[in-house]
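Colleague: One file is attached below, target_18.cif, containing mmCIF, C-alpha atoms and all ligand atoms.
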data_data
#
loop_
_atom_site.label_atom_id
_atom_site.label_comp_id
_atom_site.auth_asym_id
_atom_site.auth_seq_id
_atom_site.Cartn_x
_atom_site.Cartn_y
_atom_site.Cartn_z
CA MET W 26 0.00 0.00 0.00
CA ALA W 27 1.39 3.39 -1.02
CA HIS W 28 2.43 6.09 1.43
CA LEU W 29 0.19 9.12 1.09
CA ILE W 30 1.93 12.38 0.19
CA ASP W 31 -0.25 14.58 2.33
CA GLY W 32 -0.75 17.93 0.63
CA LYS W 33 -2.58 19.35 3.60
CA THR W 34 0.27 18.89 6.08
CA LEU W 35 2.93 19.86 3.56
CA ALA W 36 1.08 22.97 2.38
CA ALA W 37 0.59 24.05 5.99
CA GLU W 38 4.37 23.86 6.49
CA TYR W 39 5.09 25.95 3.40
CA LYS W 40 2.41 28.48 4.29
CA ALA W 41 3.87 28.78 7.79
CA LYS W 42 7.26 29.53 6.21
CA ALA W 43 5.66 32.15 3.95
CA ALA W 44 3.88 33.66 6.96
CA ALA W 45 7.14 33.90 8.91
CA ALA W 46 8.87 35.53 5.94
CA ALA W 47 5.95 37.95 5.49
CA ALA W 48 6.13 38.88 9.19
CA ALA W 49 9.87 39.53 8.90
CA LEU W 50 9.22 41.83 5.92
CA ARG W 51 6.48 43.70 7.78
CA GLU W 52 8.91 44.34 10.61
CA LYS W 53 11.15 46.03 8.06
CA GLY W 54 8.25 48.17 6.83
CA VAL W 55 7.29 46.12 3.77
CA ALA W 56 3.75 44.71 3.65
CA PRO W 57 3.67 41.95 0.99
CA ARG W 58 0.68 42.46 -1.27
CA LEU W 59 -0.91 40.37 -4.02
CA ALA W 60 -3.38 41.69 -6.59
CA VAL W 61 -5.61 39.14 -8.29
CA ILE W 62 -7.69 40.05 -11.33
CA ILE W 63 -10.68 37.92 -12.27
CA VAL W 64 -12.79 38.57 -15.35
CA GLY W 65 -16.29 37.15 -15.58
CA GLU W 66 -18.29 34.69 -13.53
CA ASN W 67 -16.58 31.32 -14.02
CA PRO W 68 -17.57 29.50 -10.78
CA ALA W 69 -14.36 27.44 -10.54
CA SER W 70 -12.25 30.59 -11.05
CA LYS W 71 -14.22 32.39 -8.35
CA THR W 72 -13.57 29.53 -5.94
CA TYR W 73 -9.84 29.56 -6.75
CA VAL W 74 -9.62 33.32 -6.27
CA ALA W 75 -11.46 33.15 -2.95
CA GLY W 76 -9.01 30.44 -1.85
CA LYS W 77 -6.04 32.64 -2.77
CA ALA W 78 -7.46 35.55 -0.77
CA ARG W 79 -7.95 33.24 2.23
CA ASP W 80 -4.39 31.96 1.97
CA CYS W 81 -3.09 35.53 1.84
CA ALA W 82 -5.01 36.43 4.99
CA GLU W 83 -3.64 33.32 6.70
CA CYS W 84 -0.05 34.20 5.73
CA GLY W 85 -0.23 37.89 6.60
CA ILE W 86 -0.14 38.95 2.95
CA LEU W 87 -2.40 41.77 1.85
CA SER W 88 -4.60 40.89 -1.09
CA ASP W 89 -6.81 42.80 -3.48
CA VAL W 90 -9.29 41.04 -5.71
CA LEU W 91 -10.25 43.02 -8.76
CA ALA W 92 -13.43 41.43 -10.13
CA LEU W 93 -14.17 42.71 -13.62
CA PRO W 94 -17.32 41.97 -15.65
CA GLU W 95 -17.35 39.37 -18.43
CA THR W 96 -17.71 42.22 -20.96
CA THR W 97 -14.40 43.83 -19.97
CA GLY W 98 -12.36 44.63 -23.08
CA GLU W 99 -8.73 43.64 -23.52
CA ALA W 100 -7.57 47.28 -23.53
CA GLU W 101 -9.28 47.88 -20.18
CA LEU W 102 -7.68 44.77 -18.69
CA LEU W 103 -4.25 45.74 -20.01
CA SER W 104 -4.56 49.20 -18.50
CA ARG W 105 -5.52 47.69 -15.12
CA ILE W 106 -2.41 45.49 -15.27
CA ALA W 107 -0.24 48.48 -16.20
CA ALA W 108 -1.56 50.37 -13.17
CA LEU W 109 -0.74 47.43 -10.86
CA ASN W 110 2.71 47.08 -12.45
CA ALA W 111 3.35 50.73 -11.61
CA ASP W 112 2.01 50.52 -8.05
CA ALA W 113 5.00 50.06 -5.73
CA ALA W 114 2.73 48.82 -2.91
CA VAL W 115 1.70 45.77 -5.01
CA HIS W 116 4.32 43.02 -5.26
CA GLY W 117 2.44 40.25 -7.05
CA VAL W 118 0.02 40.51 -9.98
CA LEU W 119 -1.98 37.49 -11.02
CA VAL W 120 -4.67 37.19 -13.69
CA GLN W 121 -6.96 34.23 -13.05
CA LEU W 122 -7.28 32.01 -16.12
CA PRO W 123 -9.18 31.20 -18.24
CA LEU W 124 -10.16 34.59 -19.61
CA PRO W 125 -13.29 35.18 -21.70
CA ALA W 126 -12.81 34.18 -25.35
CA HIS W 127 -12.68 37.78 -26.65
CA ILE W 128 -9.48 38.46 -24.69
CA ASP W 129 -6.06 37.30 -25.93
CA GLU W 130 -4.67 35.40 -22.94
CA SER W 131 -1.05 35.45 -24.06
CA ARG W 132 -1.11 39.24 -24.62
CA VAL W 133 -2.50 39.69 -21.13
CA ILE W 134 0.11 37.43 -19.51
CA ARG W 135 2.90 39.25 -21.36
CA ALA W 136 1.67 42.55 -19.90
CA ILE W 137 2.46 41.48 -16.32
CA ALA W 138 5.79 42.85 -15.08
CA PRO W 139 8.14 39.84 -14.77
CA GLU W 140 9.17 40.87 -11.23
CA LYS W 141 5.48 40.75 -10.19
CA ASP W 142 4.66 37.58 -12.14
CA VAL W 143 4.10 35.32 -9.12
CA ASP W 144 2.38 32.70 -11.30
CA GLY W 145 5.59 32.37 -13.33
CA PHE W 146 3.69 32.48 -16.64
CA THR W 147 5.36 35.39 -18.47
CA PRO W 148 7.81 34.59 -21.28
CA VAL W 149 10.61 36.18 -19.25
CA ASN W 150 10.11 33.85 -16.29
CA VAL W 151 9.53 30.83 -18.51
CA GLY W 152 12.74 31.65 -20.41
CA ARG W 153 14.69 31.99 -17.19
CA MET W 154 13.30 28.67 -15.99
CA VAL W 155 14.42 26.97 -19.22
CA LEU W 156 17.89 28.45 -18.75
CA GLY W 157 18.01 27.43 -15.09
CA GLU W 158 18.26 31.06 -13.96
CA PRO W 159 16.56 32.52 -10.87
CA CYS W 160 12.88 33.12 -11.65
CA PHE W 161 9.37 32.69 -10.34
CA LEU W 162 8.51 29.05 -10.91
CA PRO W 163 4.94 28.21 -11.91
CA CYS W 164 3.14 27.20 -8.72
CA THR W 165 1.73 23.80 -9.69
CA PRO W 166 4.93 22.15 -10.95
CA ALA W 167 6.91 23.84 -8.16
CA GLY W 168 4.47 22.30 -5.67
CA CYS W 169 4.83 18.89 -7.32
CA ILE W 170 8.61 19.09 -6.96
CA GLU W 171 8.26 19.85 -3.26
CA MET W 172 5.90 16.89 -2.89
CA LEU W 173 8.46 14.65 -4.58
CA ARG W 174 11.17 16.06 -2.35
CA SER W 175 9.07 15.26 0.74
CA THR W 176 9.24 11.55 -0.07
CA GLY W 177 13.02 11.55 0.34
CA GLN W 178 13.24 9.47 -2.85
CA PRO W 179 16.00 10.52 -5.25
CA LEU W 180 15.04 12.02 -8.61
CA GLU W 181 18.51 11.77 -10.08
CA GLY W 182 18.79 9.12 -12.75
CA LYS W 183 15.15 8.10 -12.40
CA ASP W 184 12.78 7.64 -15.32
CA ALA W 185 9.99 10.22 -15.06
CA VAL W 186 6.90 10.32 -17.24
CA VAL W 187 4.76 13.45 -17.37
CA VAL W 188 1.38 13.01 -19.05
CA GLY W 189 0.10 16.37 -20.34
CA ARG W 190 2.12 19.13 -22.00
CA SER W 191 0.31 22.33 -21.09
CA ASN W 192 2.36 25.49 -20.63
CA ILE W 193 1.32 25.82 -16.99
CA VAL W 194 1.76 22.23 -15.80
CA GLY W 195 3.19 19.53 -18.07
CA LYS W 196 5.96 21.40 -19.90
CA PRO W 197 7.40 23.18 -16.84
CA MET W 198 7.09 19.95 -14.83
CA ALA W 199 9.23 18.17 -17.42
CA LEU W 200 11.81 20.98 -17.25
CA LEU W 201 11.98 20.98 -13.46
CA LEU W 202 12.40 17.21 -13.35
CA THR W 203 15.14 17.42 -16.01
CA ALA W 204 16.91 20.09 -13.96
CA ARG W 205 16.92 17.60 -11.07
CA ASN W 206 18.59 14.99 -13.27
CA ALA W 207 15.58 12.76 -13.89
CA THR W 208 15.25 11.37 -17.41
CA VAL W 209 11.93 12.70 -18.61
CA THR W 210 9.41 11.54 -21.18
CA LEU W 211 6.74 14.16 -21.85
CA CYS W 212 3.56 12.53 -23.12
CA HIS W 213 0.44 13.98 -24.70
CA SER W 214 -2.62 13.02 -26.72
CA ARG W 215 -0.54 11.88 -29.74
CA THR W 216 1.86 9.74 -27.73
CA GLU W 217 2.09 6.14 -28.89
CA ASN W 218 2.29 3.30 -26.38
CA LEU W 219 1.38 5.59 -23.50
CA ARG W 220 0.43 2.66 -21.29
CA GLU W 221 3.86 1.06 -21.62
CA LYS W 222 5.68 4.34 -21.10
CA CYS W 223 3.76 5.06 -17.92
CA ALA W 224 4.20 1.52 -16.63
CA ALA W 225 7.98 1.93 -16.89
CA ALA W 226 8.09 5.22 -14.95
CA ASP W 227 9.74 5.56 -11.54
CA ILE W 228 7.99 8.90 -11.24
CA LEU W 229 4.62 9.40 -12.89
CA VAL W 230 2.99 12.82 -13.09
CA ALA W 231 -0.57 12.96 -14.44
CA ALA W 232 -1.80 16.33 -15.73
CA VAL W 233 -4.44 15.38 -18.27
CA GLY W 234 -7.79 16.47 -16.88
CA LYS W 235 -9.61 13.14 -17.25
CA ALA W 236 -10.98 11.28 -14.26
CA GLY W 237 -9.50 7.81 -13.80
CA PHE W 238 -7.25 8.19 -16.86
CA ILE W 239 -4.25 6.54 -15.19
CA THR W 240 -5.23 2.99 -14.37
CA ALA W 241 -3.33 0.58 -12.11
CA ASP W 242 -1.73 -1.23 -15.04
CA MET W 243 -0.03 2.06 -15.99
CA VAL W 244 1.70 2.28 -12.61
CA LYS W 245 5.06 0.60 -12.03
CA PRO W 246 5.28 -1.21 -8.67
CA GLY W 247 7.09 1.13 -6.29
CA ALA W 248 6.56 4.25 -8.40
CA VAL W 249 5.94 7.75 -7.04
CA VAL W 250 2.65 9.02 -8.48
CA ILE W 251 1.76 12.72 -8.55
CA ASP W 252 -1.83 13.42 -9.55
CA VAL W 253 -2.33 17.00 -10.78
CA GLY W 254 -5.78 16.48 -12.31
CA ILE W 255 -8.86 18.08 -10.82
CA ASN W 256 -12.02 16.48 -12.17
CA ARG W 257 -15.54 15.57 -11.17
CA GLY W 258 -16.08 11.84 -11.13
CA ALA W 259 -19.29 10.12 -12.26
CA ASP W 260 -20.46 10.42 -8.63
CA GLY W 261 -20.01 14.21 -8.79
CA LYS W 262 -17.12 14.09 -6.34
CA LEU W 263 -13.76 15.79 -6.87
CA CYS W 264 -11.11 13.39 -8.16
CA GLY W 265 -7.79 13.35 -9.96
CA ASP W 266 -6.54 11.73 -13.17
CA VAL W 267 -5.38 8.60 -11.36
CA ASP W 268 -7.51 5.67 -10.28
CA PHE W 269 -6.41 6.34 -6.72
CA ALA W 270 -7.64 3.18 -4.99
CA ALA W 271 -6.12 0.78 -7.52
CA ALA W 272 -2.91 2.79 -8.07
CA SER W 273 -2.33 2.94 -4.29
CA GLU W 274 -1.96 -0.84 -4.30
CA LYS W 275 1.08 -0.59 -6.60
CA ALA W 276 2.74 2.79 -6.01
CA ALA W 277 5.20 3.47 -3.18
CA TYR W 278 4.00 7.07 -2.81
CA ILE W 279 0.90 8.79 -4.16
CA THR W 280 -0.85 12.17 -3.86
CA PRO W 281 -4.60 12.28 -3.14
CA VAL W 282 -7.22 14.48 -4.82
CA PRO W 283 -8.51 16.50 -3.07
CA GLY W 284 -5.86 17.22 -0.47
CA GLY W 285 -2.86 16.98 -2.77
CA VAL W 286 -1.26 19.10 -5.49
CA GLY W 287 -3.98 21.78 -5.38
CA LEU W 288 -3.09 22.76 -1.82
CA MET W 289 0.62 22.84 -2.60
CA THR W 290 -0.05 25.03 -5.65
CA ARG W 291 -1.67 27.57 -3.35
CA ALA W 292 1.19 27.39 -0.85
CA MET W 293 3.73 28.01 -3.62
CA LEU W 294 1.85 31.15 -4.64
CA MET W 295 2.26 32.48 -1.11
CA GLN W 296 5.99 31.76 -1.23
CA ASN W 297 6.35 33.46 -4.62
CA THR W 298 4.47 36.52 -3.39
CA VAL W 299 6.65 36.96 -0.31
CA ARG W 300 9.74 36.47 -2.46
CA ALA W 301 8.50 39.10 -4.92
CA ALA W 302 8.03 41.54 -2.05
CA ARG W 303 11.50 40.83 -0.72
CA LEU W 304 13.16 41.24 -4.12
CA GLN W 305 11.26 44.43 -4.98
CA SER W 306 12.06 46.03 -1.66
CA GLY W 307 15.76 45.16 -2.04
CA LEU W 308 15.87 43.33 1.29
P1 LIG J 401 -4.73 21.12 -20.53
O1 LIG J 401 -6.09 20.77 -20.97
O2 LIG J 401 -4.12 22.42 -20.91
O3 LIG J 401 -3.72 19.96 -20.99
C1 LIG J 401 -4.09 18.62 -20.92
C2 LIG J 401 -2.97 17.78 -21.50
O4 LIG J 401 -3.38 16.45 -21.45
C3 LIG J 401 -2.64 18.12 -22.96
O5 LIG J 401 -1.25 18.23 -23.14
C4 LIG J 401 -3.22 16.94 -23.72
O6 LIG J 401 -2.47 16.59 -24.87
C5 LIG J 401 -3.08 15.83 -22.71
N1 LIG J 401 -4.02 14.77 -23.01
C6 LIG J 401 -5.37 14.86 -23.22
N2 LIG J 401 -5.87 13.66 -23.53
C7 LIG J 401 -4.84 12.80 -23.51
C8 LIG J 401 -4.72 11.42 -23.78
N3 LIG J 401 -5.78 10.66 -24.13
N4 LIG J 401 -3.50 10.85 -23.67
C9 LIG J 401 -2.41 11.57 -23.32
N5 LIG J 401 -2.48 12.89 -23.07
C10 LIG J 401 -3.67 13.49 -23.17
O7 LIG J 401 -4.76 20.94 -18.95
P2 LIG J 401 -3.87 21.57 -17.76
O8 LIG J 401 -2.45 21.15 -17.89
O9 LIG J 401 -4.19 22.99 -17.59
O10 LIG J 401 -4.53 20.78 -16.54
C11 LIG J 401 -4.50 19.39 -16.44
C12 LIG J 401 -5.31 18.96 -15.25
O11 LIG J 401 -4.69 19.51 -14.08
C13 LIG J 401 -6.75 19.48 -15.21
O12 LIG J 401 -7.54 18.53 -14.55
C14 LIG J 401 -6.66 20.74 -14.37
O13 LIG J 401 -7.87 21.04 -13.73
C15 LIG J 401 -5.62 20.32 -13.37
N6 LIG J 401 -4.88 21.42 -12.77
C16 LIG J 401 -4.66 21.33 -11.44
C17 LIG J 401 -3.96 22.30 -10.80
C18 LIG J 401 -3.74 22.14 -9.34
O14 LIG J 401 -3.40 23.11 -8.68
N7 LIG J 401 -3.88 20.93 -8.79
C19 LIG J 401 -3.44 23.47 -11.49
C20 LIG J 401 -3.64 23.43 -12.93
C21 LIG J 401 -4.35 22.43 -13.53
P3 LIG J 401 -2.37 17.55 -26.19
O15 LIG J 401 -1.39 18.63 -25.81
O16 LIG J 401 -1.86 16.66 -27.23
O17 LIG J 401 -3.74 18.09 -26.43
#
Would you give me this structure, written as C-alpha cells?
Ligand code: NDP
Modeller:
Amino acid sequence: MAHLIDGKTLAAEYKAKAAAAAAALREKGVAPRLAVIIVGENPASKTYVAGKARDCAECGILSDVLALPETTGEAELLSRIAALNADAAVHGVLVQLPLPAHIDESRVIRAIAPEKDVDGFTPVNVGRMVLGEPCFLPCTPAGCIEMLRSTGQPLEGKDAVVVGRSNIVGKPMALLLTARNATVTLCHSRTENLREKCAAADILVAAVGKAGFITADMVKPGAVVIDVGINRGADGKLCGDVDFAAASEKAAYITPVPGGVGLMTRAMLMQNTVRAARLQSGL
C-alpha cells in the first residue's frame, strides 16, 4: 500500500514559512501584497480566487481582488495590469485564467511585469526557468517538486513520465524534473504506447484532466505518483486523473485528490508573493 503524500500537512508547512517571511518583511516596513484580477463569472475561477485571498489572509499577505465583468475589453484589462505594475505597494500581480474568449490570454500574460509575475507564466520567467536562472517558478509544478522532495526518494537518474504538456503544468514539470537529473518523457494526446511508457516510470505525473485516466496497469510497482488532475467523477465528487484506490496498491508514494497538489499550488503562490516583495524592496 502506497504512502500518502499529504498535501494538507505539507502545504501548511510551506504556508507557515511564507507567513514567517511575510512577518519579517512587515517588521522592516514592507507589507507583501498580491493583486488578483478575475474577469467574468466562471464558478471554478471564483472559488480559486477566494481560496487565494484566504491563503493571503492566513499568511499575513495583503490581497486585493479586482473582479471585472465578463464584458471587460482587452484594452481595459491591459490598462488595469499596467496600473498594478506601476504601483509600488503591489508586489504580485496574477490574472486568473481562463479569460473570456474575446481576450487574448497570451497578450494579457505578457503585460504582467516579470518581477510581479508570481504565477511564473510570463515569457521572461519561462525563459529563465528553461535556462536554469533565478525566476518565479509556476506554482503547480513547483508544488509537485516539493511533494516529490518530501518523499526523500531521489530524482537523479530516475525515469519520469509526465502526461500532459500544457504550458502551466506539463511542460514546466518536465523541465523541473530534467533540472533535477531525472530522465523525462513528456507525453500527450498523440503519444504512442502511453500505457507502456507510464508503466515503466519511476515517477509518474498525471496532468491530463480526465478522471481515472491513469489505471493501475499504468503504474510501475514502487513508483511515485503525482496526480495534478482536478475532475468531477461520475459520482459528482472531486477526483484526480489517477484511479487512486487501484494505483495505491502498486505505487510506493501517491498524492490524493482533493488534499494533494492543489493545496501545494496555493502554498507556492504564497511563497512566490513573499519572495517578490523581498526582491522588490531590495531586502
Ligand atoms: P490542458 O487541458 O491544458 O492539458 C491537458 C494535456 O493532457 C494536454 O497536453 C493533452 O495533450 C493531454 N491529453 C489529453 N488527452 C490525452 C490522452 N488521451 N492521452 C495523453 N495525453 C492526453 O490541462 P492543464 O495542464 O491545464 O490541466 C490538467 C489537469 O490539471 C486538469 O484537470 C486541471 O484542472 C488540473 N490542474 C490542477 C492544478 C492544481 O493546482 N492541482 C493546477 C492546474 C491544472 P495535447 O497537448 O496533445 O492536447
Colleague: Name the residues, by chain letter and number, that sit within 10 Å of ligand LIG 401 (chain J) using all atoms listed in the file, and give them as a PyMOL selection string.
Modeller: chain W and resi 69+73+122-123+163-166+168-169+187-196+211-220+231-236+238-239+251-257+264-266+282-291
Colleague: I need every residue sitting at most 9 Å from the point (1.4, 8.6, -0.2) (coordinates as in the file, only C-alpha atoms considered), written as a list in words.
Modeller: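 Result, sorted by chain then residue number: Met26, Ala27, His28, Leu29, Ile30, Asp31, Thr176, Val249, Val250, Ser273, Ala276, Ala277, Tyr278, Ile279, Thr280 and Pro281 of chain W.
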Colleague: Kindly indicate which residue among W:Gly261, W:Val267, W:Ala126, W:Glu181 lies nearest to Cys223 of chain W, using all atoms listed in the file for the distances.
Modeller: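 Closest candidate: W:Val267.
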Colleague: Got a sec: who's within 7 Å of Ala185 of chain W, counting only C-alpha atoms, leaving out chain neighbours fewer than 3 positions off, as a list in words?
Modeller: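 Selected residues are Ala207, Thr208, Val209, Thr210, Ala226, Asp227, Ile228 and Leu229 of chain W.
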Colleague: For the residues in the current selection, export C-alpha atoms as a CSV table (one decimal), in the coordinates of the input.
Modeller:
chain,number,residue,atom,x,y,z
W,207,ALA,CA,15.6,12.8,-13.9
W,208,THR,CA,15.2,11.4,-17.4
W,209,VAL,CA,11.9,12.7,-18.6
W,210,THR,CA,9.4,11.5,-21.2
W,226,ALA,CA,8.1,5.2,-15.0
W,227,ASP,CA,9.7,5.6,-11.5
W,228,ILE,CA,8.0,8.9,-11.2
W,229,LEU,CA,4.6,9.4,-12.9
Colleague: When you draw a straight line from atom CA of Val74 of chain W to atom CA of Leu202 of chain W, how long is it in Å?
Modeller: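 Distance between the two atoms: 28.2 Å.
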Colleague: Taking (5.3, 26.5, 1.5) in the coordinates of the supplied file, I want to know which residues reach to within 12 Å of it, counting all atoms listed in the file; could you give the answer as number ranges by chain?
Modeller: W: 32-46, 80, 84, 164, 167-172, 175, 288-300
